[in-house]
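Student: Here it is: the structure, laid out below.
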Amino acid sequence: METNDLIRRLTAAATPVDRLPPPSKRAGYWMAAALPAVALVVMLVSPRDDLAMKLMESRFAIEQAAAFLTAIAAAFAAFYLIVPGRSVWVAALPIPPLALWLASLGDGCLRAWLQPGADGLRFYPDWICLPAIALVGFVPAVVMVLMLRRGAPLAPHLTMALGALAAAALGNFGLRLFHQQDASLMVLIWQFGSVALISALASWNGARLLNWGLARRAGLPRP
Amino acid sequence: MRTMSARREIDDTPAADTGGGSAARVQATGHSKSDAERLSSLMRQAQDGDAASYRELLTTLLPLLRRVVRRRCGAMPAQDAEDIVQEILVSLHNARATYDPARPFLPWLMAIARNRVADAARRSVRRSAHEVAVERFDETFWGAETYTPADVYGDPEALHQAIRKLPKGQRTAIEMLKLREMSLKEAAAATSMSVGALKVAVHRAMKNLRAALG
């Protein structure tokens, strides 16, 4: 196709578009859609009996706050990256809350290791974590992908990794409200590990989920 | 049509966040501030569905994009470079909702252009990784072991005799499917035999011919 013909066709397809709101606002919209879904799953599964007591524990509160902040930061960064001309360094934004989360879990592991006897470091399979995080984070993840697909897929792997990190961190936040597993090593491996695995898988499939889709989205033949 | 007074290539636009200092950037891209504002205004009108503004914008951007692509993909054939320019235009079209009129236009455009040029370079590398450059194909046909034109059918006259001696159905099947190289469907239409009957006939004919020719 001649380029001038393409311009003619693009011009003919120039319907009015809704401008994307700023990334911070979009992260807010995502949270508004994701949080009720997480709350619904937690209510359906029924929250843990000792939740009120756990919320008073500083370690539990720090880890939950870190997971929640990681979700917010990752969502903001993902929405930021799909706007052309913005800095890619914003992708580092979830690192501080993620580091805080990891540090709290690491500290818990160290204390358990130093503790003698049966209360020390224990490890056993807890296969429920991965599907449970995926279940709690399912609606946030779907909403995230749909929202990301409205942007420009400039860095699809990184964007999807951040989007999945946001959904999985929120999923883990919800999981800990009903799943009675507080041993730091178990949380680190089975829950944090599941979040990392989900993010890695999403990143791997980034280009499949986010791509220019030139012909499909423009309703035009591929140049 | 409005023409741009570009004095330098615009792909020097920094990749970093472009929220502030638009005046300095306009200087760096070689465009006057009014040019940059004009592009931004055209894009804003295009987002609102103004086809004339959109056409003016794309036509204005075309020579700039060609220069950017040519500069980044110097050795690329002209047609391939034009394909990338078209990809950038379509990508701009698809991503036009992401443009914020409060921000400068050129950094937004150049981020898309850089991305599409990089995609094209990756595609090119992938393609070339699966290709082997061959300057000349080795001729083997004149080698004593490979030059066997006379061995293909053995004795052609004996083959003709053997075909002639086949039952009518088998002879027709061989003529249609092997000598004239018709498809089963075409041969079935031409002979009013079914596809199944043709398959059986040609199978038996081949068996008979092998037996006849030793």
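The way I read the labels, and the way they are meant: chains A, B, ... in the order of the structure tokens, residue 1 as the first residue of every chain, and ligand 1 as the first ligand shown, with later ones counted on from there.
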Quick one: everything within 12 Å of segment 184-191 of chain B, counting only C-alpha atoms, minus sequence neighbours fewer than 3 positions away in the same chain. Send it as number ranges by chain.
Tutor: B: 168-181, 194-202
Student: Quick one: contact table of chain A to chain B, 8 Å max, nearest atom pair and distance in Å to one decimal per residue, counting only C-alpha atoms, chain and number order, as a Markdown table?
Tutor:
```
| residue | atom | partner | partner_atom | distance |
| --- | --- | --- | --- | --- |
| A:Thr3 | CA | B:Gln86 | CA | 6.3 |
| A:Leu6 | CA | B:Gln86 | CA | 7.4 |
| A:Ile7 | CA | B:Leu58 | CA | 6.7 |
| A:Arg8 | CA | B:Arg55 | CA | 7.3 |
| A:Leu10 | CA | B:His93 | CA | 7.1 |
| A:Thr11 | CA | B:Ala51 | CA | 5.4 |
| A:Ala12 | CA | B:Ala51 | CA | 6.9 |
| A:Ala14 | CA | B:Gly49 | CA | 5.5 |
| A:Thr15 | CA | B:Gly49 | CA | 4.7 |
| A:Pro16 | CA | B:Gly49 | CA | 3.9 |
| A:Val17 | CA | B:Gln47 | CA | 5.4 |
| A:Asp18 | CA | B:Ala97 | CA | 6.1 |
| A:Arg19 | CA | B:Ala97 | CA | 4.6 |
| A:Leu20 | CA | B:Thr98 | CA | 5.4 |
| A:Ile82 | CA | B:Thr98 | CA | 7.9 |
| A:Val83 | CA | B:Thr98 | CA | 5.7 |
| A:Pro84 | CA | B:Trp108 | CA | 5.0 |
| A:Gly85 | CA | B:Trp108 | CA | 4.4 |
| A:Arg86 | CA | B:Asp17 | CA | 4.5 |
| A:Ser87 | CA | B:Asp17 | CA | 4.3 |
| A:Val88 | CA | B:Ala16 | CA | 7.5 |
| A:Arg150 | CA | B:Ala95 | CA | 8.0 |
| A:Gly151 | CA | B:Thr98 | CA | 6.1 |
| A:Ala152 | CA | B:Ala95 | CA | 5.5 |
| A:Leu154 | CA | B:Asn115 | CA | 6.2 |
| A:Trp212 | CA | B:Ser91 | CA | 6.8 |
| A:Leu214 | CA | B:Val90 | CA | 6.5 |
| A:Arg217 | CA | B:Asn94 | CA | 6.5 |
| A:Ala218 | CA | B:Asn94 | CA | 6.0 |
| A:Pro223 | CA | B:Gln86 | CA | 6.1 |
```
Student: What is the atom CA of Val145 of chain A to atom CA of Ala92 of chain A distance in Å?
Tutor: 20.0 Å
Student: Between atom CA of Ala166 of chain A and atom CA of Ser24 of chain A, what is the spacing in Å?
Tutor: 13.9 Å
Student: If you measure from atom CA of Phe192 of chain A to atom CA of Ala33 of chain A, what distance in Å do you get, rounded to one decimal?
Tutor: 23.3 Å
Student: Could you check which of B:Val117, B:Met43, B:Pro156, B:Arg38 is closest to Cys73 of chain B, using only C-alpha atoms?
Tutor: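 So, comparing all the options, the nearest one is B:Val117.
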Student: From the list A:Leu177, A:Ala207, A:Ala75, A:Leu188, which residue is nearest Ala34 of chain A when using only C-alpha atoms?
Tutor: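 Of all the options, A:Ala75 lies closest to Ala34 of chain A.
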Student: Got a sec: who's within 8 Å of Gly106 of chain A, counting only C-alpha atoms, leaving out chain neighbours fewer than 2 positions off, as a PyMOL selection string?
Tutor: chain A and resi 102-104+108-110+184-185+188
Student: What are the closest atom pairs, with distances in Å to one decimal, for each residue of segment 159-184 of chain A lying within 10 Å of segment 128-134 of chain A, using only C-alpha atoms, rows by chain and rising residue number, as JSON lines?
Tutor:
```
{"residue": "A:Ala167", "atom": "CA", "partner": "A:Ala134", "partner_atom": "CA", "distance": 8.7}
{"residue": "A:Ala168", "atom": "CA", "partner": "A:Ile133", "partner_atom": "CA", "distance": 6.3}
{"residue": "A:Ala169", "atom": "CA", "partner": "A:Ile133", "partner_atom": "CA", "distance": 8.3}
{"residue": "A:Leu170", "atom": "CA", "partner": "A:Ile133", "partner_atom": "CA", "distance": 8.4}
{"residue": "A:Gly171", "atom": "CA", "partner": "A:Ile133", "partner_atom": "CA", "distance": 4.7}
{"residue": "A:Asn172", "atom": "CA", "partner": "A:Ile133", "partner_atom": "CA", "distance": 5.4}
{"residue": "A:Phe173", "atom": "CA", "partner": "A:Ile133", "partner_atom": "CA", "distance": 8.7}
{"residue": "A:Gly174", "atom": "CA", "partner": "A:Ile133", "partner_atom": "CA", "distance": 7.9}
{"residue": "A:Leu175", "atom": "CA", "partner": "A:Ile133", "partner_atom": "CA", "distance": 6.3}
{"residue": "A:Arg176", "atom": "CA", "partner": "A:Ile133", "partner_atom": "CA", "distance": 9.5}
{"residue": "A:His179", "atom": "CA", "partner": "A:Cys129", "partner_atom": "CA", "distance": 8.6}
{"residue": "A:Gln181", "atom": "CA", "partner": "A:Cys129", "partner_atom": "CA", "distance": 9.5}
```
Student: Taking the chain letters and numbering used in this document, name the residues of segment 33-213 of chain B that DSSP puts in alpha helix (DSSP H), as a PyMOL selection string.
Tutor: chain B and resi 33-47+51-72+78-94+105-129+156-164+168-174+184-191+195-213
